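Peer 1: Next up is a structure, given as structure tokens.
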Amino acid sequence: MELEIRLLKTFRAVAEMRSFTGAARKLKLSQSGISQQIGILERELRTPLLVRSNKFVRLTEGGEILLQCAGQVLDNLERVRVLLAEQSNTNSGRLSVAVPATFCHWLLPRLIDQFHERFPAIQVSVVMTDVDVAADRVAHREIDIALVPTGIQHKALALAPLGKDELVAAMSPSNPLAAKERVLAVDLKEQRFIMASPGNLRFVPWDRFLIHSGLFPRIIVETDDLELAKHLAGQNVGITIVPRWSVNGELARGECVALPIGPHGLYRDWYLAYHNATKLAGPARSFLRVCVEQLPRLFANSGRLAEPESPNNVAKSDSAKPAHQGLA
């Protein structure tokens, strides 16, 4: 009996998604094609692997055994692919990267410019998405890596540290607080805010500041559009919280003031997230090297920055689980 790798990949996708429809969407195949492949697999193994229903599918005992074995086979093949990519000196290939919208619009163009200058044969595919969605897609191997501004806790992900940036309070120069050197919780109690929706993973340090300070901000405009938030803040509609590097232009033109928050400032830890079952090598490792070299400079307007850890170490912080393996 010889099982084709494509059948094992299809079976694992169905098992993970608990749905033929979800697996078809993930693998970009038709639902009937997924059903046919599972049927072939069951006939070759001479045992039912899935229990079908109208809403979802579940694994039989035989399916559980196959899923464990198929996972080992497919993960080993992925390790072979990575090792071969590393052997090829990482100068060619394709890399898919997920990033938040703000990073995509302001910092990523300069980062990719430097990356393509050093690795012109590597094709980069950029996916702009929310942090939690990016993490989920990397975990499901739909995307190679993601740049995230917080230590995501996910059993399928490993993290490599990239550096820190600062979140600041941006406001109109006519706001009375604009004369201060920094803003404290007591200064913000009566202020109006323009903010992203609650629980946004791009603003974890700000959410912690609110909780620790017992501050309940008066939000008058809720938006995920940073350009709109900055414009409204400049018009003195309210205060918004932004990365310092995103208001360089407005600060230079005198359209807004950006103040540190709290007695020590609010800083975010940035990471490169990747699937922990694979060694970070090939195009992904090349991208990490460029990030570690360039991001501290791009974050330089964020105030006092800590040096990123060596790319040969995996992130260990209070906000993230230790990564599962090194990058060497």
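Identifiers in this document derive from the order of the structure tokens: chains are assigned A, B, ..., residues are numbered from 1 separately in each chain, and ligands are numbered from 1 in order of occurrence.
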Mind listing the strand (DSSP E or B) residues of segment 85-199 of chain A, per DSSP on the backbone, as a ChimeraX atom specification?

Peer 2: /A:93-99,122-128,145-148,157-171,183,192-195

Peer 1: Write out, as a compact mmCIF listing (two decimals), in the first residue's frame, the residues just selected, with C-alpha atoms.

Peer 2:
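Now in selection-v6.txt:
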# COMPACT_ATOMS: atom_id res chain seq x y z
CA GLY A 93 12.06 31.18 -3.06
CA ARG A 94 8.76 32.62 -1.90
CA LEU A 95 7.72 34.06 1.46
CA SER A 96 4.25 35.02 2.69
CA VAL A 97 4.14 37.61 5.48
CA ALA A 98 1.14 38.77 7.53
CA VAL A 99 1.28 42.28 9.05
CA ILE A 122 12.87 35.97 -3.05
CA GLN A 123 9.25 36.77 -3.87
CA VAL A 124 7.34 38.33 -0.95
CA SER A 125 3.56 37.98 -0.62
CA VAL A 126 2.08 40.45 1.91
CA VAL A 127 -1.21 39.80 3.70
CA MET A 128 -2.64 42.72 5.70
CA ILE A 145 5.40 34.21 9.11
CA ALA A 146 3.70 37.17 10.79
CA LEU A 147 4.98 40.39 12.34
CA VAL A 148 3.04 40.98 15.56
CA LEU A 157 3.63 29.28 17.33
CA ALA A 158 7.20 30.22 18.17
CA LEU A 159 8.36 33.83 18.45
CA ALA A 160 11.58 35.62 17.53
CA PRO A 161 12.09 39.08 19.13
CA LEU A 162 12.46 42.10 16.84
CA GLY A 163 12.58 45.13 19.13
CA LYS A 164 10.31 47.70 20.80
CA ASP A 165 8.27 50.71 19.76
CA GLU A 166 6.38 53.27 21.86
CA LEU A 167 2.69 54.06 22.07
CA VAL A 168 1.98 57.75 22.63
CA ALA A 169 -1.01 60.03 23.19
CA ALA A 170 -1.52 62.14 20.05
CA MET A 171 -3.54 65.33 20.40
CA VAL A 183 0.44 62.41 30.43
CA ARG A 192 -12.36 62.39 24.99
CA PHE A 193 -10.79 59.54 23.04
CA ILE A 194 -10.69 58.28 19.46
CA MET A 195 -9.82 54.60 19.73

Peer 1: With only C-alpha atoms as the atoms that count, which of A:Ala178, A:Ala121, A:Val292, A:Leu298 lies nearest to Ile239 of chain A?

Peer 2: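 Ranking A:Ala178, A:Ala121, A:Val292, A:Leu298 by distance to Ile239 of chain A, first place goes to A:Ala178.
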
Peer 1: Quick one: everything within 12 Å of segment 38-44 of chain A, counting only C-alpha atoms, minus sequence neighbours fewer than 3 positions away in the same chain. Send it as an MDAnalysis selection string.

Peer 2: chainID A and resid 1:15 20 23:24 31:35 47:52 60 62:63 66 70

Peer 1: Calculate how many Å separate atom CA of Lys55 of chain A from atom CA of Arg18 of chain A, rounding to one decimal.

Peer 2: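 According to the coordinates, atom CA of Lys55 of chain A and atom CA of Arg18 of chain A are separated by 9.1 Å.
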
Peer 1: As an MDAnalysis selection string, please: every residue in segment 150-283 of chain A that a backbone DSSP assignment puts in alpha helix (DSSP H).

Peer 2: chainID A and resid 185:188 204:213 226:234 248:252 282:283

Peer 1: Save out the residues we just selected, C-alpha atoms, as a JSON list (two decimals), in the first residue's frame.

Peer 2:
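So the final result, stored in out02.json, reads:
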[["chain", "number", "residue", "atom", "x", "y", "z"],
["A", 185, "ALA", "CA", -3.78, 58.59, 34.23],
["A", 186, "VAL", "CA", -5.12, 61.52, 36.26],
["A", 187, "ASP", "CA", -4.62, 63.83, 33.26],
["A", 188, "LEU", "CA", -6.77, 61.63, 31.02],
["A", 204, "VAL", "CA", -2.05, 45.60, 24.70],
["A", 205, "PRO", "CA", 0.19, 47.99, 26.75],
["A", 206, "TRP", "CA", -2.51, 50.67, 26.61],
["A", 207, "ASP", "CA", -5.19, 48.21, 27.79],
["A", 208, "ARG", "CA", -2.94, 47.20, 30.70],
["A", 209, "PHE", "CA", -2.38, 50.87, 31.57],
["A", 210, "LEU", "CA", -6.15, 51.42, 31.70],
["A", 211, "ILE", "CA", -6.68, 48.40, 33.96],
["A", 212, "HIS", "CA", -3.83, 49.25, 36.35],
["A", 213, "SER", "CA", -4.89, 52.91, 36.51],
["A", 226, "LEU", "CA", -5.40, 55.26, 12.04],
["A", 227, "GLU", "CA", -5.43, 58.06, 9.48],
["A", 228, "LEU", "CA", -8.94, 59.07, 10.55],
["A", 229, "ALA", "CA", -7.98, 58.88, 14.22],
["A", 230, "LYS", "CA", -4.92, 61.10, 13.69],
["A", 231, "HIS", "CA", -6.92, 63.62, 11.65],
["A", 232, "LEU", "CA", -9.63, 63.88, 14.31],
["A", 233, "ALA", "CA", -7.03, 64.25, 17.05],
["A", 234, "GLY", "CA", -5.37, 67.05, 15.11],
["A", 248, "ASN", "CA", 6.38, 61.67, 12.34],
["A", 249, "GLY", "CA", 4.86, 63.69, 9.50],
["A", 250, "GLU", "CA", 2.20, 65.33, 11.67],
["A", 251, "LEU", "CA", 4.77, 66.24, 14.32],
["A", 252, "ALA", "CA", 7.09, 67.79, 11.73],
["A", 282, "GLY", "CA", 15.37, 29.75, 4.10],
["A", 283, "PRO", "CA", 13.55, 32.97, 3.06]]
